[in-house]
Amino acid sequence: MKVTIRRARPADVDAIRDLVRRATRGRLDPSADEVFDRMAERGMLLAFNPERELIGLVSWRVENLVARVLDFLVHPLDLRPAVGRQLIEAVEEEARRLECEACLIYVSPEMSSEALAFYIGLGYTRWPEESLSGPWREAAHEFDALGRVALIKQIRAERVTQPI
């Protein structure tokens with residue numbers, strides 16, 4: 001499917017709210033202020049179908065050369081293999097541009113086997129904790145309190161051993 005991916009803008013707030021409500025069947029109903037605040041505190045990319053309808057979003061934050069995918073949503077779900085791949089690859093490209101060593105995606109341990117297969121197909125996996133550098137380990141544990149686990153993909157062949 002041909003999609004257009006671009007950075008979120010303040011004018012997209014209502015479309016983002018609508019996507020979240022549709023994708024969660026109303027379980028989540030963020031206010032315009034909540035969406036705007038979320039856009040302000042992290043990078044956010046949006047995916048639009050040829051009819052210019054919002055069908056996906058991804059947000060991320062970079063810290064200590066590690067990009068963290070924080071929000072990831074594609075609706076309808078059957079578009080995830082194509083649209084989701086393009087969104088995650090766009091984040092990875094941004095992370096490479098920012099000299100990041102790795103990307104992390106926080107997931108629920110109860111995620112579906114289809115979701116796990118999707119992330120593994122993109123190169124994400126659980127790494128043994130002892131193999132993680134300090135910043136990677138810190139980032140991987142960031143969401144432990146929320147019951148999330150981190151899937152990691154190394155995107156830079158050489159790790160940074162001294163501050164840039």
# chains A, B, ... in the order shown; residues from 1 in each chain; ligands from 1
call {"tool": "closest_atom_pairs", "arguments": {"of": "stretch 43-84 of chain A", "to": "stretch 19-28 of chain A", "cutoff": "10 Å", "atoms": "only C-alpha atoms", "output": "Markdown table"}}
result
| residue | atom | partner | partner_atom | distance |
| --- | --- | --- | --- | --- |
| A:Glu53 | CA | A:Leu19 | CA | 9.4 |
| A:Leu54 | CA | A:Leu19 | CA | 6.8 |
| A:Ile55 | CA | A:Leu19 | CA | 7.0 |
| A:Gly56 | CA | A:Leu19 | CA | 7.7 |
| A:Leu57 | CA | A:Leu19 | CA | 8.8 |
| A:Leu73 | CA | A:Ala23 | CA | 7.6 |
| A:Val74 | CA | A:Ala23 | CA | 7.5 |
| A:His75 | CA | A:Ala23 | CA | 5.6 |
| A:Pro76 | CA | A:Ala23 | CA | 7.0 |
| A:Leu77 | CA | A:Ala23 | CA | 8.2 |
call {"tool": "write_last_selection", "arguments": {"atoms": "C-alpha atoms", "output": "mmCIF file, in the first residue's frame"}}
result
data_model
loop_
_atom_site.group_PDB
_atom_site.id
_atom_site.type_symbol
_atom_site.label_atom_id
_atom_site.label_comp_id
_atom_site.auth_asym_id
_atom_site.auth_seq_id
_atom_site.Cartn_x
_atom_site.Cartn_y
_atom_site.Cartn_z
ATOM 1 C CA GLU A 53 -6.842 9.406 5.972
ATOM 2 C CA LEU A 54 -4.628 8.909 9.016
ATOM 3 C CA ILE A 55 -3.993 5.168 9.398
ATOM 4 C CA GLY A 56 -0.935 5.004 11.636
ATOM 5 C CA LEU A 57 1.362 6.809 14.016
ATOM 6 C CA LEU A 73 -0.581 2.388 16.299
ATOM 7 C CA VAL A 74 -1.855 1.194 12.932
ATOM 8 C CA HIS A 75 -5.564 0.951 12.148
ATOM 9 C CA PRO A 76 -7.024 -1.115 10.706
ATOM 10 C CA LEU A 77 -4.743 -3.784 12.131
#
call {"tool": "residues_around", "arguments": {"residues": "A:Ile120", "least_positions_apart": "3", "cutoff": "12 Å", "atoms": "only C-alpha atoms", "output": "VMD selection string"}}
result
chain A and resid 81 85 105 113 to 117 123 to 126 151 to 153
call {"tool": "atom_distance", "arguments": {"atom1": "atom CA of A:Val3", "atom2": "atom CA of A:Trp60"}}
result
19.8 Å
call {"tool": "select_by_dssp", "arguments": {"residues": "stretch 21-58 of chain A", "states": "alpha helix (DSSP H)", "output": "PyMOL selection string"}}
result
chain A and resi 21-23+32-41
call {"tool": "write_last_selection", "arguments": {"atoms": "C-alpha atoms", "output": "short mmCIF file (atom, residue, chain, number, x, y, z; two decimals), in the first residue's frame"}}
result
data_model
loop_
_atom_site.label_atom_id
_atom_site.label_comp_id
_atom_site.auth_asym_id
_atom_site.auth_seq_id
_atom_site.Cartn_x
_atom_site.Cartn_y
_atom_site.Cartn_z
CA ARG A 21 -10.49 6.33 19.47
CA ARG A 22 -11.14 4.14 16.40
CA ALA A 23 -8.17 1.84 17.00
CA ALA A 32 -6.71 17.65 22.35
CA ASP A 33 -4.37 18.99 25.06
CA GLU A 34 -3.10 15.47 25.85
CA VAL A 35 -2.33 14.81 22.19
CA PHE A 36 -0.67 18.19 21.75
CA ASP A 37 1.47 17.66 24.88
CA ARG A 38 2.49 14.23 23.64
CA MET A 39 3.49 15.70 20.27
CA ALA A 40 5.55 18.38 22.04
CA GLU A 41 7.54 15.95 24.20
#
call {"tool": "atom_distance", "arguments": {"atom1": "atom CA of A:Leu46", "atom2": "atom CA of A:Arg7"}}
result
6.1 Å
call {"tool": "residues_around", "arguments": {"residues": "A:Arg61", "least_positions_apart": "3", "cutoff": "8 Å", "atoms": "only C-alpha atoms", "output": "list of chain:residue names"}}
result
A:Arg42, A:Gly43, A:Ala67, A:Arg68, A:Val69, A:Leu70
call {"tool": "write_last_selection", "arguments": {"atoms": "N, CA and C atoms", "output": "PDB file, in the first residue's frame"}}
result
ATOM      1  N   ARG A  42       7.893  14.512  22.257  1.00  0.00           N
ATOM      2  CA  ARG A  42       8.553  13.436  21.517  1.00  0.00           C
ATOM      3  C   ARG A  42       8.387  13.643  20.031  1.00  0.00           C
ATOM      4  N   GLY A  43       9.204  12.964  19.247  1.00  0.00           N
ATOM      5  CA  GLY A  43       9.005  12.978  17.809  1.00  0.00           C
ATOM      6  C   GLY A  43       7.806  12.124  17.462  1.00  0.00           C
ATOM      7  N   ALA A  67      17.211   5.231  20.795  1.00  0.00           N
ATOM      8  CA  ALA A  67      15.870   5.685  20.408  1.00  0.00           C
ATOM      9  C   ALA A  67      14.855   4.733  21.033  1.00  0.00           C
ATOM     10  N   ARG A  68      13.826   5.312  21.635  1.00  0.00           N
ATOM     11  CA  ARG A  68      12.782   4.518  22.275  1.00  0.00           C
ATOM     12  C   ARG A  68      11.464   4.768  21.550  1.00  0.00           C
ATOM     13  N   VAL A  69      10.882   3.730  20.976  1.00  0.00           N
ATOM     14  CA  VAL A  69       9.562   3.853  20.368  1.00  0.00           C
ATOM     15  C   VAL A  69       8.559   3.796  21.514  1.00  0.00           C
ATOM     16  N   LEU A  70       7.755   4.849  21.642  1.00  0.00           N
ATOM     17  CA  LEU A  70       6.843   4.958  22.774  1.00  0.00           C
ATOM     18  C   LEU A  70       5.385   4.702  22.395  1.00  0.00           C
TER      19      LEU A  70
END
call {"tool": "select_by_dssp", "arguments": {"residues": "chain A", "states": "strand (DSSP E)", "output": "compact mmCIF listing (two decimals) with C-alpha atoms, in the first residue's frame"}}
result
# COMPACT_ATOMS: atom_id res chain seq x y z
CA THR A 4 2.62 9.08 2.92
CA ILE A 5 4.68 9.42 6.10
CA ARG A 6 5.38 12.82 7.58
CA ARG A 7 5.97 14.53 10.90
CA GLY A 43 9.01 12.98 17.81
CA MET A 44 5.88 11.75 16.05
CA LEU A 45 5.39 10.47 12.52
CA LEU A 46 2.03 9.90 10.87
CA ALA A 47 1.04 7.57 8.01
CA PHE A 48 -1.72 8.56 5.59
CA LEU A 54 -4.63 8.91 9.02
CA ILE A 55 -3.99 5.17 9.40
CA GLY A 56 -0.93 5.00 11.64
CA LEU A 57 1.36 6.81 14.02
CA VAL A 58 4.60 6.24 15.82
CA SER A 59 6.31 8.39 18.43
CA TRP A 60 9.79 8.16 19.85
CA ARG A 61 12.32 9.82 22.10
CA VAL A 62 16.12 9.73 21.95
CA GLU A 63 18.34 9.71 25.00
CA VAL A 66 19.14 5.06 22.25
CA ALA A 67 15.87 5.68 20.41
CA ARG A 68 12.78 4.52 22.28
CA VAL A 69 9.56 3.85 20.37
CA LEU A 70 6.84 4.96 22.77
CA ASP A 71 3.61 4.93 20.77
CA PHE A 72 2.87 2.70 17.81
CA LEU A 73 -0.58 2.39 16.30
CA VAL A 74 -1.86 1.19 12.93
CA ALA A 102 19.98 1.12 19.05
CA CYS A 103 16.20 1.33 18.87
CA LEU A 104 13.98 -0.08 21.59
CA ILE A 105 10.30 -0.93 21.38
CA TYR A 106 8.41 -1.43 24.63
CA VAL A 107 5.80 -4.17 24.42
CA VAL A 149 9.57 -5.45 28.14
CA ALA A 150 12.02 -3.99 25.67
CA LEU A 151 12.77 -5.44 22.27
CA ILE A 152 16.06 -4.07 20.95
CA LYS A 153 17.58 -3.61 17.52
CA GLN A 154 21.17 -2.46 17.09
call {"tool": "decode", "arguments": {"residues": "stretch 2-155 of chain A", "atoms": "C-alpha atoms", "output": "PDB file, in the first residue's frame"}}
result
ATOM      1  CA  LYS A   2       1.276   3.435  -0.937  1.00  0.00           C
ATOM      2  CA  VAL A   3       1.354   5.621   2.157  1.00  0.00           C
ATOM      3  CA  THR A   4       2.621   9.078   2.918  1.00  0.00           C
ATOM      4  CA  ILE A   5       4.677   9.422   6.098  1.00  0.00           C
ATOM      5  CA  ARG A   6       5.378  12.820   7.576  1.00  0.00           C
ATOM      6  CA  ARG A   7       5.969  14.535  10.904  1.00  0.00           C
ATOM      7  CA  ALA A   8       2.933  15.330  13.000  1.00  0.00           C
ATOM      8  CA  ARG A   9       1.779  18.958  13.068  1.00  0.00           C
ATOM      9  CA  PRO A  10      -0.493  20.811  15.501  1.00  0.00           C
ATOM     10  CA  ALA A  11      -3.217  20.753  12.839  1.00  0.00           C
ATOM     11  CA  ASP A  12      -3.213  16.912  13.082  1.00  0.00           C
ATOM     12  CA  VAL A  13      -4.438  16.774  16.678  1.00  0.00           C
ATOM     13  CA  ASP A  14      -8.063  15.977  15.837  1.00  0.00           C
ATOM     14  CA  ALA A  15      -7.091  13.289  13.303  1.00  0.00           C
ATOM     15  CA  ILE A  16      -4.775  11.687  15.888  1.00  0.00           C
ATOM     16  CA  ARG A  17      -7.530  11.723  18.510  1.00  0.00           C
ATOM     17  CA  ASP A  18      -9.906  10.092  16.027  1.00  0.00           C
ATOM     18  CA  LEU A  19      -7.366   7.397  15.089  1.00  0.00           C
ATOM     19  CA  VAL A  20      -6.753   6.537  18.752  1.00  0.00           C
ATOM     20  CA  ARG A  21     -10.494   6.330  19.473  1.00  0.00           C
ATOM     21  CA  ARG A  22     -11.138   4.138  16.401  1.00  0.00           C
ATOM     22  CA  ALA A  23      -8.173   1.836  17.004  1.00  0.00           C
ATOM     23  CA  THR A  24      -9.047   1.308  20.679  1.00  0.00           C
ATOM     24  CA  ARG A  25     -12.808   1.179  20.098  1.00  0.00           C
ATOM     25  CA  GLY A  26     -13.199   4.126  22.435  1.00  0.00           C
ATOM     26  CA  ARG A  27     -11.198   2.668  25.344  1.00  0.00           C
ATOM     27  CA  LEU A  28      -8.783   5.566  24.928  1.00  0.00           C
ATOM     28  CA  ASP A  29     -10.160   9.035  24.267  1.00  0.00           C
ATOM     29  CA  PRO A  30      -7.328  11.552  24.649  1.00  0.00           C
ATOM     30  CA  SER A  31      -8.126  15.222  24.888  1.00  0.00           C
ATOM     31  CA  ALA A  32      -6.715  17.650  22.352  1.00  0.00           C
ATOM     32  CA  ASP A  33      -4.371  18.986  25.059  1.00  0.00           C
ATOM     33  CA  GLU A  34      -3.098  15.474  25.846  1.00  0.00           C
ATOM     34  CA  VAL A  35      -2.334  14.807  22.187  1.00  0.00           C
ATOM     35  CA  PHE A  36      -0.667  18.188  21.745  1.00  0.00           C
ATOM     36  CA  ASP A  37       1.469  17.662  24.877  1.00  0.00           C
ATOM     37  CA  ARG A  38       2.494  14.231  23.637  1.00  0.00           C
ATOM     38  CA  MET A  39       3.492  15.703  20.272  1.00  0.00           C
ATOM     39  CA  ALA A  40       5.553  18.376  22.038  1.00  0.00           C
ATOM     40  CA  GLU A  41       7.538  15.953  24.196  1.00  0.00           C
ATOM     41  CA  ARG A  42       8.553  13.436  21.517  1.00  0.00           C
ATOM     42  CA  GLY A  43       9.005  12.978  17.809  1.00  0.00           C
ATOM     43  CA  MET A  44       5.880  11.750  16.050  1.00  0.00           C
ATOM     44  CA  LEU A  45       5.388  10.471  12.523  1.00  0.00           C
ATOM     45  CA  LEU A  46       2.026   9.897  10.868  1.00  0.00           C
ATOM     46  CA  ALA A  47       1.039   7.569   8.014  1.00  0.00           C
ATOM     47  CA  PHE A  48      -1.724   8.557   5.586  1.00  0.00           C
ATOM     48  CA  ASN A  49      -3.397   6.367   2.959  1.00  0.00           C
ATOM     49  CA  PRO A  50      -3.900   7.621  -0.635  1.00  0.00           C
ATOM     50  CA  GLU A  51      -7.241   9.140   0.432  1.00  0.00           C
ATOM     51  CA  ARG A  52      -5.298  11.216   3.003  1.00  0.00           C
ATOM     52  CA  GLU A  53      -6.842   9.406   5.972  1.00  0.00           C
ATOM     53  CA  LEU A  54      -4.628   8.909   9.016  1.00  0.00           C
ATOM     54  CA  ILE A  55      -3.993   5.168   9.398  1.00  0.00           C
ATOM     55  CA  GLY A  56      -0.935   5.004  11.636  1.00  0.00           C
ATOM     56  CA  LEU A  57       1.362   6.809  14.016  1.00  0.00           C
ATOM     57  CA  VAL A  58       4.602   6.241  15.817  1.00  0.00           C
ATOM     58  CA  SER A  59       6.309   8.391  18.428  1.00  0.00           C
ATOM     59  CA  TRP A  60       9.791   8.160  19.850  1.00  0.00           C
ATOM     60  CA  ARG A  61      12.317   9.819  22.104  1.00  0.00           C
ATOM     61  CA  VAL A  62      16.121   9.728  21.947  1.00  0.00           C
ATOM     62  CA  GLU A  63      18.345   9.708  24.995  1.00  0.00           C
ATOM     63  CA  ASN A  64      21.937   8.503  25.460  1.00  0.00           C
ATOM     64  CA  LEU A  65      22.158   7.352  21.821  1.00  0.00           C
ATOM     65  CA  VAL A  66      19.144   5.057  22.248  1.00  0.00           C
ATOM     66  CA  ALA A  67      15.870   5.685  20.408  1.00  0.00           C
ATOM     67  CA  ARG A  68      12.782   4.518  22.275  1.00  0.00           C
ATOM     68  CA  VAL A  69       9.562   3.853  20.368  1.00  0.00           C
ATOM     69  CA  LEU A  70       6.843   4.958  22.774  1.00  0.00           C
ATOM     70  CA  ASP A  71       3.613   4.931  20.771  1.00  0.00           C
ATOM     71  CA  PHE A  72       2.869   2.698  17.809  1.00  0.00           C
ATOM     72  CA  LEU A  73      -0.581   2.388  16.299  1.00  0.00           C
ATOM     73  CA  VAL A  74      -1.855   1.194  12.932  1.00  0.00           C
ATOM     74  CA  HIS A  75      -5.564   0.951  12.148  1.00  0.00           C
ATOM     75  CA  PRO A  76      -7.024  -1.115  10.706  1.00  0.00           C
ATOM     76  CA  LEU A  77      -4.743  -3.784  12.131  1.00  0.00           C
ATOM     77  CA  ASP A  78      -4.412  -5.707   8.863  1.00  0.00           C
ATOM     78  CA  LEU A  79      -2.317  -2.777   7.563  1.00  0.00           C
ATOM     79  CA  ARG A  80       0.366  -3.310  10.234  1.00  0.00           C
ATOM     80  CA  PRO A  81       2.695  -5.466   8.097  1.00  0.00           C
ATOM     81  CA  ALA A  82       3.011  -2.801   5.384  1.00  0.00           C
ATOM     82  CA  VAL A  83       2.250   0.498   7.113  1.00  0.00           C
ATOM     83  CA  GLY A  84       3.781  -0.463  10.460  1.00  0.00           C
ATOM     84  CA  ARG A  85       7.008  -1.524   8.788  1.00  0.00           C
ATOM     85  CA  GLN A  86       7.268   1.828   7.014  1.00  0.00           C
ATOM     86  CA  LEU A  87       6.648   3.744  10.252  1.00  0.00           C
ATOM     87  CA  ILE A  88       9.232   1.789  12.262  1.00  0.00           C
ATOM     88  CA  GLU A  89      11.782   2.055   9.449  1.00  0.00           C
ATOM     89  CA  ALA A  90      11.204   5.823   9.342  1.00  0.00           C
ATOM     90  CA  VAL A  91      11.974   6.042  13.072  1.00  0.00           C
ATOM     91  CA  GLU A  92      15.110   3.945  12.577  1.00  0.00           C
ATOM     92  CA  GLU A  93      16.223   6.308   9.814  1.00  0.00           C
ATOM     93  CA  GLU A  94      15.714   9.300  12.124  1.00  0.00           C
ATOM     94  CA  ALA A  95      17.640   7.476  14.860  1.00  0.00           C
ATOM     95  CA  ARG A  96      20.543   6.756  12.505  1.00  0.00           C
ATOM     96  CA  ARG A  97      20.611  10.409  11.501  1.00  0.00           C
ATOM     97  CA  LEU A  98      20.909  11.246  15.209  1.00  0.00           C
ATOM     98  CA  GLU A  99      23.807   8.746  15.567  1.00  0.00           C
ATOM     99  CA  CYS A 100      21.821   6.351  17.808  1.00  0.00           C
ATOM    100  CA  GLU A 101      23.274   2.932  18.549  1.00  0.00           C
ATOM    101  CA  ALA A 102      19.982   1.125  19.047  1.00  0.00           C
ATOM    102  CA  CYS A 103      16.195   1.334  18.874  1.00  0.00           C
ATOM    103  CA  LEU A 104      13.976  -0.081  21.589  1.00  0.00           C
ATOM    104  CA  ILE A 105      10.300  -0.926  21.382  1.00  0.00           C
ATOM    105  CA  TYR A 106       8.409  -1.434  24.629  1.00  0.00           C
ATOM    106  CA  VAL A 107       5.801  -4.174  24.417  1.00  0.00           C
ATOM    107  CA  SER A 108       3.418  -6.042  26.677  1.00  0.00           C
ATOM    108  CA  PRO A 109       4.570  -9.544  27.626  1.00  0.00           C
ATOM    109  CA  GLU A 110       1.057 -10.693  26.631  1.00  0.00           C
ATOM    110  CA  MET A 111       1.336  -9.395  23.061  1.00  0.00           C
ATOM    111  CA  SER A 112      -0.013 -11.598  20.311  1.00  0.00           C
ATOM    112  CA  SER A 113       2.214 -14.018  18.440  1.00  0.00           C
ATOM    113  CA  GLU A 114       1.471 -11.992  15.274  1.00  0.00           C
ATOM    114  CA  ALA A 115       2.765  -8.813  16.922  1.00  0.00           C
ATOM    115  CA  LEU A 116       5.892 -10.588  18.164  1.00  0.00           C
ATOM    116  CA  ALA A 117       6.499 -12.041  14.679  1.00  0.00           C
ATOM    117  CA  PHE A 118       6.117  -8.528  13.223  1.00  0.00           C
ATOM    118  CA  TYR A 119       8.799  -7.073  15.532  1.00  0.00           C
ATOM    119  CA  ILE A 120      11.137 -10.040  15.044  1.00  0.00           C
ATOM    120  CA  GLY A 121      10.700  -9.636  11.284  1.00  0.00           C
ATOM    121  CA  LEU A 122      11.960  -6.062  11.665  1.00  0.00           C
ATOM    122  CA  GLY A 123      15.055  -7.300  13.531  1.00  0.00           C
ATOM    123  CA  TYR A 124      13.960  -6.618  17.137  1.00  0.00           C
ATOM    124  CA  THR A 125      14.694  -9.132  19.866  1.00  0.00           C
ATOM    125  CA  ARG A 126      15.308  -9.519  23.588  1.00  0.00           C
ATOM    126  CA  TRP A 127      19.018  -9.297  24.288  1.00  0.00           C
ATOM    127  CA  PRO A 128      20.633 -10.987  27.275  1.00  0.00           C
ATOM    128  CA  GLU A 129      20.921  -8.290  29.920  1.00  0.00           C
ATOM    129  CA  GLU A 130      24.627  -8.944  30.486  1.00  0.00           C
ATOM    130  CA  SER A 131      25.331  -8.064  26.840  1.00  0.00           C
ATOM    131  CA  LEU A 132      23.730  -4.625  27.091  1.00  0.00           C
ATOM    132  CA  SER A 133      25.838  -1.497  27.583  1.00  0.00           C
ATOM    133  CA  GLY A 134      24.930   0.826  30.456  1.00  0.00           C
ATOM    134  CA  PRO A 135      22.698   3.188  28.438  1.00  0.00           C
ATOM    135  CA  TRP A 136      20.989   0.267  26.662  1.00  0.00           C
ATOM    136  CA  ARG A 137      20.348  -1.529  29.973  1.00  0.00           C
ATOM    137  CA  GLU A 138      19.005   1.656  31.522  1.00  0.00           C
ATOM    138  CA  ALA A 139      16.673   2.225  28.568  1.00  0.00           C
ATOM    139  CA  ALA A 140      15.543  -1.414  28.545  1.00  0.00           C
ATOM    140  CA  HIS A 141      14.511  -1.164  32.217  1.00  0.00           C
ATOM    141  CA  GLU A 142      12.815   2.208  31.820  1.00  0.00           C
ATOM    142  CA  PHE A 143       9.330   0.717  31.490  1.00  0.00           C
ATOM    143  CA  ASP A 144       9.734  -2.337  33.765  1.00  0.00           C
ATOM    144  CA  ALA A 145       7.494  -0.746  36.386  1.00  0.00           C
ATOM    145  CA  LEU A 146       4.668  -0.649  33.847  1.00  0.00           C
ATOM    146  CA  GLY A 147       5.039  -4.352  33.078  1.00  0.00           C
ATOM    147  CA  ARG A 148       6.546  -3.727  29.655  1.00  0.00           C
ATOM    148  CA  VAL A 149       9.570  -5.452  28.141  1.00  0.00           C
ATOM    149  CA  ALA A 150      12.016  -3.992  25.670  1.00  0.00           C
ATOM    150  CA  LEU A 151      12.771  -5.436  22.271  1.00  0.00           C
ATOM    151  CA  ILE A 152      16.060  -4.070  20.949  1.00  0.00           C
ATOM    152  CA  LYS A 153      17.582  -3.611  17.518  1.00  0.00           C
ATOM    153  CA  GLN A 154      21.166  -2.456  17.085  1.00  0.00           C
ATOM    154  CA  ILE A 155      21.194   0.108  14.276  1.00  0.00           C
TER     155      ILE A 155
END
